[in-house]
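K.L.:
To be precise about what I am sending: the file is called data.cif and holds mmCIF, C-alpha atoms.
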```
data_work
loop_
_atom_site.label_atom_id
_atom_site.label_comp_id
_atom_site.auth_asym_id
_atom_site.auth_seq_id
_atom_site.Cartn_x
_atom_site.Cartn_y
_atom_site.Cartn_z
CA ILE A 78 20.87 130.48 62.09
CA PHE A 79 18.89 132.87 64.34
CA MET A 80 20.70 133.79 67.55
CA LYS A 81 21.64 136.61 69.92
CA VAL A 82 25.33 137.34 70.54
CA GLN A 83 26.70 139.65 73.24
CA VAL A 84 30.22 140.33 74.47
CA GLN A 85 30.08 139.07 78.04
CA SER A 86 33.61 140.13 79.01
CA LYS A 87 36.86 141.27 77.45
CA LYS A 88 40.24 141.26 79.13
CA GLY A 89 43.42 141.55 77.09
CA LEU A 90 43.30 138.87 74.42
CA LYS A 91 40.60 136.88 76.23
CA THR A 92 37.00 137.48 75.16
CA THR A 93 33.83 135.74 76.30
CA LEU A 94 30.70 135.81 74.12
CA SER A 95 27.23 135.01 75.42
CA ILE A 96 25.17 133.23 72.75
CA ILE A 97 21.48 132.34 72.83
CA VAL A 98 19.91 130.22 70.09
CA ASP A 99 16.11 130.42 70.07
CA LYS A 100 14.23 127.23 71.02
CA ASP A 101 12.11 127.52 67.84
CA GLU A 102 15.31 127.43 65.76
CA ILE A 103 16.40 124.23 67.52
CA LYS A 104 12.93 122.66 67.15
CA LYS A 105 12.99 123.41 63.42
CA LYS A 106 16.40 121.74 63.04
CA LEU A 107 15.25 118.77 65.15
CA ASP A 108 12.11 118.29 63.00
CA ASN A 109 14.20 118.50 59.81
CA ARG A 110 16.58 115.87 61.14
CA LEU A 111 13.68 113.52 62.00
CA LEU A 112 12.35 113.85 58.44
CA GLU A 113 15.82 113.09 57.05
CA LEU A 114 16.02 109.95 59.19
CA GLN A 115 12.69 108.63 57.83
CA ASP A 116 14.50 107.35 54.73
CA GLN A 117 17.18 105.65 56.81
CA VAL A 118 15.41 104.11 59.81
CA ASP A 119 14.20 100.51 59.53
CA LEU A 120 11.83 99.49 62.38
CA LYS A 121 9.81 96.31 62.80
CA GLY A 122 6.15 96.83 61.88
CA PHE A 123 6.84 99.71 59.51
CA ARG A 124 7.86 99.83 55.88
CA LYS A 125 11.25 101.42 55.30
CA GLY A 126 10.83 105.16 54.78
CA LYS A 127 7.37 105.15 56.35
CA VAL A 128 8.27 105.28 60.06
CA PRO A 129 6.49 108.32 61.57
CA PRO A 130 8.85 111.02 62.96
CA SER A 131 7.14 110.73 66.37
CA VAL A 132 8.08 107.03 66.57
CA ILE A 133 11.68 107.78 65.54
CA LYS A 134 11.79 110.46 68.22
CA ASN A 135 10.50 108.05 70.90
CA GLN A 136 13.14 105.46 69.94
CA PHE A 137 16.19 107.69 69.33
CA GLY A 138 15.21 111.13 70.66
CA LYS A 139 18.11 111.60 73.08
CA ALA A 140 20.78 110.72 70.53
CA ILE A 141 19.15 112.81 67.78
CA TYR A 142 18.79 115.83 70.07
CA GLY A 143 22.48 115.52 71.05
CA GLU A 144 23.47 115.35 67.39
CA VAL A 145 21.39 118.45 66.54
CA ILE A 146 22.72 120.44 69.50
CA ASP A 147 26.29 119.53 68.55
CA LYS A 148 25.72 120.79 65.00
CA VAL A 149 24.02 123.98 66.27
CA LEU A 150 26.96 124.68 68.60
CA LYS A 151 29.44 124.39 65.72
CA GLU A 152 27.36 126.52 63.33
CA SER A 153 26.58 129.23 65.88
CA THR A 154 30.19 129.37 67.08
CA THR A 155 31.49 129.81 63.52
CA LYS A 156 28.85 132.44 62.70
CA ALA A 157 29.44 134.41 65.93
CA ILE A 158 33.19 134.59 65.25
CA GLN A 159 32.61 135.64 61.62
CA ASP A 160 29.94 138.23 62.50
CA LYS A 161 32.15 139.82 65.16
CA LYS A 162 35.17 139.61 62.77
CA LEU A 163 37.34 138.02 65.40
CA LYS A 164 40.73 136.42 64.73
CA VAL A 165 40.86 133.45 67.05
CA ALA A 166 44.01 131.80 68.42
CA GLY A 167 43.43 128.09 68.99
CA GLN A 168 40.22 126.22 69.75
CA PRO A 169 37.33 128.10 71.48
CA LYS A 170 35.98 126.74 74.78
CA ILE A 171 32.23 126.21 75.16
CA ASP A 172 30.46 126.52 78.50
CA LEU A 173 26.82 125.34 78.31
CA LYS A 174 24.47 127.28 80.55
CA THR A 175 20.95 126.04 79.65
CA PHE A 176 19.77 123.53 77.07
CA GLY A 177 17.09 120.88 76.64
CA GLU A 178 14.12 120.19 74.46
CA GLY A 179 11.71 123.11 74.52
CA LYS A 180 14.38 125.47 75.87
CA ASP A 181 16.65 128.08 74.35
CA LEU A 182 20.25 127.00 73.94
CA ASN A 183 22.31 129.34 76.12
CA PHE A 184 26.09 129.04 76.20
CA GLU A 185 29.27 131.05 76.63
CA LEU A 186 32.11 131.01 74.11
CA GLN A 187 35.51 131.64 75.65
CA LEU A 188 38.00 132.83 73.04
CA ASP A 189 41.70 133.59 72.92
CA LEU A 190 42.17 136.23 70.23
CA LEU A 191 45.14 136.99 68.05
CA PRO A 192 46.66 140.38 68.83
CA GLU A 193 46.26 143.35 66.54
CA ILE A 194 49.67 144.04 65.03
CA LYS A 195 50.67 147.49 63.84
CA LEU A 196 53.23 146.83 61.14
CA GLN A 197 56.26 149.10 60.94
CA THR A 198 57.16 150.80 57.66
CA PHE A 199 59.88 149.22 55.55
CA GLU A 200 62.18 152.24 56.11
CA LYS A 201 62.76 150.93 59.65
CA TYR A 202 64.89 148.04 58.41
CA LYS A 203 68.41 147.67 57.08
CA ILE A 204 70.13 144.38 56.26
CA SER A 205 73.30 142.98 54.72
CA GLU A 206 73.14 140.74 51.66
CA TYR A 207 76.26 138.71 51.02
CA LEU A 208 77.82 137.59 47.75
CA VAL A 209 80.71 135.15 47.51
CA LYS A 210 83.52 136.09 45.16
CA VAL A 211 84.97 132.94 43.60
CA GLY A 212 88.51 133.78 42.45
CA LYS A 213 90.50 132.21 39.62
CA ASP A 214 92.79 130.48 42.13
CA VAL A 215 89.80 128.69 43.74
CA LEU A 216 88.45 127.57 40.37
CA ASP A 217 91.90 126.35 39.28
CA GLU A 218 92.24 124.35 42.50
CA ARG A 219 88.82 122.73 42.07
CA LEU A 220 89.60 121.85 38.44
CA ASP A 221 92.92 120.36 39.48
CA ASN A 222 91.17 118.24 42.13
CA LEU A 223 88.63 117.05 39.55
CA SER A 224 91.47 116.16 37.20
CA LYS A 225 93.04 114.00 39.93
CA GLU A 226 89.73 112.47 40.99
CA TYR A 227 88.65 111.45 37.50
CA LYS A 228 92.11 110.28 36.46
CA SER A 229 92.75 107.95 33.55
CA PHE A 230 95.43 105.26 33.24
CA GLU A 231 97.78 104.04 30.48
CA ASP A 232 99.62 100.73 30.14
CA LYS A 233 103.09 100.46 31.68
CA LYS A 234 105.90 98.54 30.02
CA SER A 235 105.54 94.81 30.71
CA ASP A 236 108.82 94.56 32.65
CA THR A 237 108.03 97.54 34.90
CA LYS A 238 107.08 96.93 38.52
CA SER A 239 103.89 98.37 40.04
CA GLU A 240 104.08 101.41 42.32
CA THR A 241 101.71 103.25 44.66
CA GLY A 242 99.20 105.11 42.50
CA ASP A 243 99.29 102.53 39.72
CA GLN A 244 96.24 100.54 38.68
CA VAL A 245 96.64 96.74 38.83
CA ILE A 246 94.25 94.47 36.92
CA PHE A 247 94.18 90.84 38.04
CA ASN A 248 92.24 87.58 38.38
CA TYR A 249 92.18 85.75 41.69
CA GLN A 250 91.19 82.49 43.34
CA ALA A 251 90.82 82.59 47.11
CA THR A 252 90.53 79.98 49.85
CA VAL A 253 89.76 79.96 53.54
CA ASP A 254 91.11 76.91 55.41
CA ASP A 255 92.06 75.45 51.99
CA LYS A 256 88.44 75.62 50.82
CA GLU A 257 86.83 77.83 48.19
CA PHE A 258 83.82 79.90 49.21
CA GLU A 259 81.07 81.99 47.62
CA GLY A 260 82.78 84.93 45.92
CA SER A 261 86.22 83.33 46.10
CA ASN A 262 86.87 83.87 42.37
CA GLY A 263 87.37 87.24 40.69
CA LYS A 264 88.00 88.22 37.05
CA ASP A 265 89.49 91.45 35.71
CA VAL A 266 89.52 93.12 39.12
CA ALA A 267 91.07 96.60 38.97
CA ILE A 268 92.39 98.39 42.07
CA GLU A 269 94.37 101.58 42.51
CA LEU A 270 97.35 100.91 44.76
CA GLY A 271 97.37 103.09 47.85
CA LYS A 272 93.59 103.60 48.04
CA ASP A 273 93.16 100.45 50.20
CA LEU A 274 89.59 99.97 48.95
CA PHE A 275 89.62 96.21 48.32
CA LEU A 276 90.65 94.58 51.59
CA GLN A 277 92.76 96.17 54.30
CA GLY A 278 96.43 95.67 53.55
CA PHE A 279 95.75 94.02 50.17
CA ASP A 280 97.17 96.92 48.09
CA LYS A 281 100.58 96.91 49.75
CA GLN A 282 101.19 93.28 48.81
CA LEU A 283 100.69 94.10 45.13
CA ILE A 284 103.35 96.82 45.10
CA GLY A 285 106.33 95.64 43.08
CA VAL A 286 104.52 93.07 40.90
CA LYS A 287 104.91 92.79 37.11
CA LYS A 288 102.53 91.94 34.28
CA ASN A 289 101.84 88.14 33.92
CA GLU A 290 103.31 87.47 37.38
CA LYS A 291 101.64 85.15 39.90
CA LYS A 292 101.32 86.58 43.41
CA LYS A 293 100.00 85.12 46.65
CA VAL A 294 98.26 87.67 48.88
CA ILE A 295 97.14 86.92 52.42
CA SER A 296 94.40 89.13 53.85
CA THR A 297 91.66 89.05 56.51
CA LEU A 298 88.04 89.06 55.38
CA PRO A 299 85.96 91.94 56.83
CA GLN A 300 84.05 91.74 60.08
CA ASN A 301 80.78 92.56 58.27
CA HIS A 302 81.16 89.81 55.66
CA PRO A 303 77.69 88.61 54.45
CA LYS A 304 78.62 85.03 55.42
CA LYS A 305 79.04 85.19 59.19
CA GLU A 306 81.20 82.06 59.22
CA LEU A 307 83.76 83.89 57.03
CA ALA A 308 83.92 87.12 59.07
CA ASN A 309 87.46 87.93 60.28
CA LYS A 310 88.82 84.77 58.61
CA LYS A 311 92.29 84.73 57.03
CA ALA A 312 92.03 84.19 53.26
CA ILE A 313 94.73 83.29 50.73
CA PHE A 314 94.38 84.94 47.31
CA ASN A 315 96.27 83.44 44.38
CA CYS A 316 96.47 86.34 41.98
CA GLU A 317 97.35 86.42 38.27
CA ILE A 318 98.48 89.90 37.27
CA LEU A 319 96.91 90.77 33.89
CA ASN A 320 98.09 94.33 33.45
CA ILE A 321 99.63 97.32 35.22
CA LYS A 322 98.71 100.88 34.35
CA SER A 323 100.17 104.18 35.50
CA PRO A 324 98.08 107.29 36.13
CA LYS A 325 97.86 109.65 33.21
CA LYS A 326 97.47 113.33 33.95
CA ASN A 327 94.27 114.68 32.45
CA LYS A 328 94.58 117.57 30.11
CA LEU A 329 92.23 120.31 31.23
CA ASP A 330 90.51 120.92 27.92
CA ASP A 331 87.06 120.75 26.32
CA ASP A 332 87.23 116.94 25.98
CA PHE A 333 87.83 116.54 29.72
CA ALA A 334 84.93 118.93 30.44
CA LYS A 335 82.60 116.92 28.18
CA LYS A 336 83.43 113.73 30.14
CA LEU A 337 82.00 115.50 33.22
CA GLY A 338 78.78 116.56 31.47
CA ALA A 339 79.76 120.12 30.52
CA LYS A 340 79.63 121.63 27.02
CA ASP A 341 83.25 122.77 27.14
CA LEU A 342 85.91 123.91 29.63
CA ALA A 343 84.38 127.38 30.01
CA ASP A 344 81.01 125.79 30.82
CA LEU A 345 82.66 123.48 33.37
CA ARG A 346 84.29 126.47 35.08
CA ASP A 347 80.88 128.20 35.23
CA LYS A 348 79.26 125.08 36.70
CA ILE A 349 81.95 124.83 39.39
CA LYS A 350 81.63 128.53 40.16
CA ASN A 351 77.83 128.27 40.49
CA GLN A 352 78.17 125.18 42.66
CA ILE A 353 80.55 126.93 45.07
CA THR A 354 78.35 130.04 45.14
CA ASP A 355 75.21 127.97 45.85
CA GLN A 356 76.94 126.12 48.70
CA TYR A 357 77.81 129.33 50.51
CA ASN A 358 74.63 131.21 49.59
CA ILE A 359 72.50 128.76 51.59
CA ALA A 360 74.39 129.69 54.75
CA LEU A 361 74.78 133.40 53.96
CA ASN A 362 71.05 133.73 53.19
CA SER A 363 70.35 132.26 56.64
CA ILE A 364 72.47 135.03 58.19
CA THR A 365 70.51 137.69 56.27
CA LYS A 366 67.24 136.03 57.28
CA LYS A 367 68.31 136.09 60.95
CA GLU A 368 69.02 139.85 60.63
CA ILE A 369 65.50 140.37 59.26
CA LEU A 370 63.82 138.27 61.95
CA ASP A 371 65.79 139.96 64.76
CA GLN A 372 64.73 143.40 63.50
CA LEU A 373 61.10 142.32 63.06
CA GLU A 374 61.03 141.07 66.64
CA LYS A 375 62.74 144.20 67.98
CA ASN A 376 60.51 146.69 66.10
CA HIS A 377 57.15 145.20 67.10
CA THR A 378 55.40 144.99 70.44
CA VAL A 379 53.07 141.98 70.34
CA GLU A 380 51.09 140.34 73.14
CA VAL A 381 51.33 136.58 72.54
CA PRO A 382 48.22 134.50 73.43
CA GLN A 383 49.01 132.28 76.41
CA ASN A 384 47.18 129.28 74.97
CA LEU A 385 49.51 129.28 71.93
CA ILE A 386 52.53 129.32 74.24
CA ASP A 387 51.10 126.46 76.32
CA ASN A 388 50.29 124.33 73.26
CA GLU A 389 53.74 124.90 71.77
CA LEU A 390 55.45 123.95 75.04
CA LYS A 391 53.43 120.74 75.23
CA SER A 392 54.52 119.80 71.71
CA ILE A 393 58.25 119.95 72.54
CA PRO A 394 59.50 116.33 72.41
CA ASN A 395 61.55 114.82 75.26
CA ASN A 396 61.29 117.92 77.39
CA PRO A 397 58.63 117.30 80.10
CA ASN A 398 59.91 120.18 82.26
CA SER A 399 59.76 122.74 79.47
CA ASN A 400 56.75 124.49 81.07
CA LYS A 401 58.99 125.45 83.99
CA ASP A 402 62.04 126.30 81.88
CA GLU A 403 62.16 130.08 81.40
CA ASN A 404 64.54 129.79 78.43
CA SER A 405 62.12 127.44 76.67
CA VAL A 406 59.17 129.75 77.41
CA GLN A 407 60.99 132.82 76.04
CA SER A 408 62.19 130.92 72.96
CA VAL A 409 58.67 129.66 72.20
CA LYS A 410 57.20 133.11 72.84
CA LYS A 411 59.68 134.69 70.42
CA ARG A 412 58.98 132.06 67.75
CA ILE A 413 55.19 132.58 67.99
CA LYS A 414 55.61 136.37 67.97
CA LEU A 415 57.68 136.22 64.79
CA GLY A 416 55.14 133.87 63.21
CA LEU A 417 52.33 136.31 63.95
CA ILE A 418 54.28 139.29 62.56
CA LEU A 419 55.28 137.43 59.38
CA ASN A 420 51.71 136.25 58.88
CA GLU A 421 50.45 139.82 59.24
CA TYR A 422 52.90 141.01 56.57
CA GLY A 423 51.79 138.08 54.40
CA GLU A 424 48.09 138.85 54.74
CA THR A 425 48.56 142.61 54.34
CA ASN A 426 50.51 142.12 51.11
CA ASN A 427 48.29 139.30 49.79
CA ILE A 428 51.09 136.72 49.77
CA LYS A 429 49.77 133.19 49.24
CA VAL A 430 51.09 129.70 48.57
CA THR A 431 49.67 127.89 45.56
CA GLU A 432 49.15 124.15 45.13
CA ASP A 433 51.69 124.21 42.29
CA GLU A 434 54.35 125.67 44.61
CA ILE A 435 53.78 122.87 47.10
CA LYS A 436 53.94 120.25 44.33
CA ASN A 437 57.14 121.79 42.95
CA GLU A 438 58.77 121.68 46.38
CA ILE A 439 57.83 118.02 46.79
CA GLN A 440 59.27 117.35 43.30
CA LYS A 441 62.56 118.95 44.40
CA GLN A 442 62.71 116.60 47.37
CA VAL A 443 61.95 113.64 45.11
CA LYS A 444 64.83 114.59 42.78
CA SER A 445 67.22 114.91 45.72
CA MET A 446 66.37 111.35 46.88
CA PRO A 447 66.80 109.04 43.88
CA GLY A 448 65.27 105.64 44.48
CA GLN A 449 63.03 107.00 47.26
CA GLU A 450 60.45 108.69 45.04
CA LYS A 451 57.55 106.47 46.13
CA PHE A 452 58.44 106.90 49.80
CA VAL A 453 58.45 110.73 49.51
CA PHE A 454 55.07 110.87 47.72
CA GLU A 455 53.46 108.43 50.18
CA TYR A 456 54.86 110.37 53.14
CA TYR A 457 53.08 113.56 52.11
CA GLN A 458 49.90 111.70 51.11
CA LYS A 459 49.65 109.98 54.50
CA ASN A 460 50.79 112.95 56.61
CA PRO A 461 48.66 116.08 56.06
CA SER A 462 50.60 117.78 58.88
CA ALA A 463 53.83 117.35 56.87
CA THR A 464 52.21 119.04 53.86
CA GLN A 465 50.97 121.82 56.16
CA HIS A 466 54.49 122.26 57.55
CA LEU A 467 55.88 122.40 54.01
CA GLN A 468 53.28 125.03 53.07
CA SER A 469 54.22 127.10 56.13
CA SER A 470 57.92 126.94 55.20
CA ILE A 471 57.22 128.07 51.62
CA TYR A 472 54.94 130.85 52.94
CA GLU A 473 57.63 132.11 55.32
CA GLU A 474 60.30 132.10 52.60
CA LYS A 475 57.99 134.01 50.22
CA ILE A 476 57.40 136.68 52.88
CA ILE A 477 61.15 136.97 53.58
CA LYS A 478 61.85 137.21 49.85
CA PHE A 479 59.20 139.93 49.50
CA PHE A 480 60.65 141.72 52.51
CA LYS A 481 64.11 141.82 50.92
CA THR A 482 62.69 143.66 47.90
CA LYS A 483 61.21 146.40 50.09
CA ILE A 484 63.86 147.20 52.70
CA ASN A 485 67.27 148.85 52.54
CA SER A 486 70.09 146.40 51.97
CA VAL A 487 73.85 146.72 51.77
CA LYS A 488 75.54 144.37 49.31
CA LYS A 489 78.75 142.86 50.67
CA GLU A 490 81.11 140.81 48.50
CA LEU A 491 83.14 138.23 50.42
CA THR A 492 86.05 135.98 49.61
CA ILE A 493 85.56 132.32 50.51
CA LYS A 494 87.78 132.73 53.60
CA GLU A 495 85.73 135.74 54.75
CA ALA A 496 82.48 133.83 54.11
CA GLU A 497 83.68 130.82 56.11
CA LYS A 498 84.77 133.06 59.00
CA LEU A 499 81.38 134.82 59.05
CA ILE A 500 79.44 131.51 58.87
CA LYS A 501 81.56 129.99 61.66
CA SER A 502 80.94 133.00 63.90
CA PHE A 503 77.20 132.91 63.11
CA ASN A 504 76.96 129.20 63.96
CA GLU A 505 78.89 129.59 67.21
CA ASN A 506 76.65 132.47 68.34
CA ASN A 507 73.51 130.49 67.47
CA LYS A 508 74.80 127.44 69.32
CA ALA A 509 75.54 129.49 72.42
CA LYS A 510 72.02 131.00 72.42
CA ALA A 511 70.13 127.83 71.45
CA THR A 512 67.72 126.30 73.96
CA PRO A 513 67.45 122.50 74.36
CA GLU A 514 64.34 122.35 72.19
CA ALA A 515 65.78 124.48 69.37
CA LYS A 516 64.77 122.77 66.16
CA LYS A 517 66.51 124.96 63.63
CA LYS A 518 69.54 123.41 62.01
CA GLU A 519 72.84 125.22 62.05
CA SER A 520 73.56 127.08 58.87
CA LYS A 521 76.75 125.92 57.19
CA PRO A 522 78.01 125.35 53.67
CA VAL A 523 77.36 121.91 52.29
CA LYS A 524 80.39 119.81 51.49
CA SER A 525 81.51 120.15 47.90
CA LYS A 526 79.38 117.97 45.66
CA LYS A 527 81.01 116.00 42.90
CA ILE A 528 80.44 117.10 39.34
CA SER A 529 78.38 114.36 37.71
CA LYS A 530 79.98 112.33 34.95
CA LYS A 531 76.58 111.91 33.32
#
```
Would you mind giving the structure from this file in structure tokens?
P.N.:
Amino acid sequence: IFMKVQVQSKKGLKTTLSIIVDKDEIKKKLDNRLLELQDQVDLKGFRKGKVPPSVIKNQFGKAIYGEVIDKVLKESTTKAIQDKKLKVAGQPKIDLKTFGEGKDLNFELQLDLLPEIKLQTFEKYKISEYLVKVGKDVLDERLDNLSKEYKSFEDKKSDTKSETGDQVIFNYQATVDDKEFEGSNGKDVAIELGKDLFLQGFDKQLIGVKKNEKKKVISTLPQNHPKKELANKKAIFNCEILNIKSPKKNKLDDDFAKKLGAKDLADLRDKIKNQITDQYNIALNSITKKEILDQLEKNHTVEVPQNLIDNELKSIPNNPNSNKDENSVQSVKKRIKLGLILNEYGETNNIKVTEDEIKNEIQKQVKSMPGQEKFVFEYYQKNPSATQHLQSSIYEEKIIKFFKTKINSVKKELTIKEAEKLIKSFNENNKAKATPEAKKKESKPVKSKKISKK
């Protein structure tokens, strides 16, 4: 596209370009568009495809001219930015000066530019990287807990009474107001006395029973019973005790490990150790990341484009006064500044996110939400902004990971107690500094996950 581009004014990050597109260029594009429309326009008195361009122009000239001008504005804006090698922050603003058929198109392009960032050398930075030391005592305690959790039972002598911790197997027939109801019969029901998982207070009434004994248990049906008419109703359960079993202490050996999906006991210990380490590493990595981000922000002077700040403030949900809140403004400004610095490091070091990396991350989310696979895939298909956000997160993590390989780091090995103390302190400090719109989640170790039996 033939045009003249001049820098009209430049102040800080704001630049205004004056652009003139020659009238002959616009006429050529207008004529081309009229010829294209010949194949599409269907007018009475003319065969389709044979309507003269002059007739089309008389009928639809205003709309066609508007369409051409709109296209010229987009093309010339893109070309002007590329030719001047400008990095633009946000959408440009167009101010039309002169336009019209037979006239040059004269307009001003008001741009907010991204700042030039002078990156500091890697020698400027020093961070701590934390490793959790999982001692033998911790592993033994976890194994002992697993042994208790996945306990097995063995038959008691037939004349022995049931005790708390025993497993009672029974059939029952229940009535409410002397009438049976849906679900009022049960066969081979097994409950562990003391867990109180069947109905509240049910367990206690089965303490002291023997095998083959009949026992009447009175209990209240739950408030959230599927049949509303039965909610909170008193029910009588006529129970026939089939068997009583006592808990059998598991032997911590290879057979027990295999029941929990490990190859042997040594493999189970390794799995538990890795699980504990992973739980704490998530939080400890967040602390290291915060050290990096704080130093990046401190070591760089960056002028943040005002339009990016304004747009970010407008996007804060449920915070209409955020524009006037100085804490919110400073928090947003810091977040944008860090984003610009990280992006500059990413571009300078040719760090990119591939389609496969995005797909792999979505697959991880799918695996972590069994039964919701279709929902996860549809969510990303229907929400391009969610995919963009995911890409940005992966990009940031890749830059941080790259950064760790280049800067000085001190390895610190922590016991679990030391790690928990450090994480607690980190979370409390973050909470104290957080602004109302802070979106970042607190970093803390995930609760211990159960070792799968599969």
K.L.:
Ranking A:Leu196, A:Gln458, A:Asp99, A:Lys272 by minimum distance to Val149 in chain A and counting only C-alpha atoms, which one comes first?
P.N.:
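Of A:Leu196, A:Gln458, A:Asp99, A:Lys272, the one nearest Val149 in chain A, counting only C-alpha atoms, is A:Asp99.
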K.L.:
If I put a ball of radius 12 Å at (99.7, 85.6, 35.4) in the file's coordinates, which residues poke into it when counting all atoms listed in the file, written as a list of chain:residue names?
P.N.:
A:Ser235, A:Ile246, A:Phe247, A:Asn248, A:Tyr249, A:Asp265, A:Val286, A:Lys287, A:Lys288, A:Asn289, A:Glu290, A:Lys291, A:Lys292, A:Lys293, A:Asn315, A:Cys316, A:Glu317, A:Ile318, A:Leu319, A:Asn320, A:Ile321
K.L.:
Expand the PyMOL selection byres ((chain A and resi 188) around 10) into the explicit residue set it covers here, and present it as a PyMOL selection string.
P.N.:
chain A and resi 87+90-94+158+163-171+185-187+189-191
K.L.:
Excluding Thr354 in chain A and its own-chain neighbours fewer than 2 positions away, which residues fall within 12 Å of it when counting all atoms listed in the file? Please give them as a list in words.
P.N.:
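Once the nearby chain positions are removed, what remains is Tyr207, Leu208, Val209, Lys210, Val211, Gly212, Val215, Leu216, Asp347, Lys348, Ile349, Lys350, Asn351, Gln352, Gln356, Tyr357, Asn358, Ile359, Ala360, Leu361, Asn362, Glu490, Leu491, Thr492, Ile493, Ala496, Pro522, Val523 and Ser525 of chain A.
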K.L.:
With distances taken over only C-alpha atoms, which of A:Glu495, A:Glu152, A:Glu403, A:Asp147 is nearest to Met80 in chain A?
P.N.:
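Among the listed residues, the smallest separation from Met80 in chain A belongs to A:Glu152.
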K.L.:
Name the residues in contact with range 219-232 of chain A at a cut-off of 7 Å, using all atoms listed in the file, excluding same-chain residues fewer than 2 positions from it; report them as a PyMOL selection string.
P.N.:
chain A and resi 215-217+234+321-327
K.L.:
As a ChimeraX atom specification, please: the residues near Leu298 in chain A (cut-off 7 Å, all atoms listed in the file, same-chain neighbours under 6 positions excluded).
P.N.:
/A:307-312
K.L.:
May I ask for the distance between CA of Ile146 in chain A and CA of Asp116 in chain A, given in Å to one decimal place?
P.N.:
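Atom-to-atom, CA of Ile146 in chain A and CA of Asp116 in chain A are spaced 21.4 Å apart.
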K.L.:
Suppose you want the space between CA of Val266 in chain A and CA of Lys305 in chain A; what is it in Å?
P.N.:
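Distance between the two atoms: 24.0 Å.
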K.L.:
List the residues matched by the PyMOL selection byres ((chain A and resi 436) around 12) in the displayed structure as a PyMOL selection string, ordered by chain and then by residue number.
P.N.:
chain A and resi 430-435+437-443+453-454+457-458+464+467-468+471
K.L.:
If you count only C-alpha atoms, which residues fall within 12 Å of Lys367 in chain A, apart from same-chain ones fewer than 5 positions away, as a PyMOL selection string?
P.N.:
chain A and resi 204-206+360-362+372-374+415+477+503-504+506-507+517+519-520
K.L.:
Restricting the calculation to all atoms listed in the file: of A:Asn109, A:Gln250, A:Ser486, A:Ser462, which residue gets closest to Glu200 in chain A?
P.N.:
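Smallest separation from Glu200 in chain A among the options: A:Ser486.
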K.L.:
Give, as lines of an AutoDock Vina configuration file, the centre coordinates and the x, y and z edge lengths in Å to one decimal for an axis-aligned box around all listed atoms of range 286-290 of chain A, padded by 6 Å on each side.
P.N.:
```
center_x = 103.4
center_y = 90.3
center_z = 37.4
size_x = 15.1
size_y = 17.6
size_z = 19.0
```
K.L.:
Specify as a ChimeraX atom specification each residue included when the PyMOL selection byres ((chain A and resi 118) around 12) is applied to this file.
P.N.:
/A:110-117,119-130,132-134,136-137
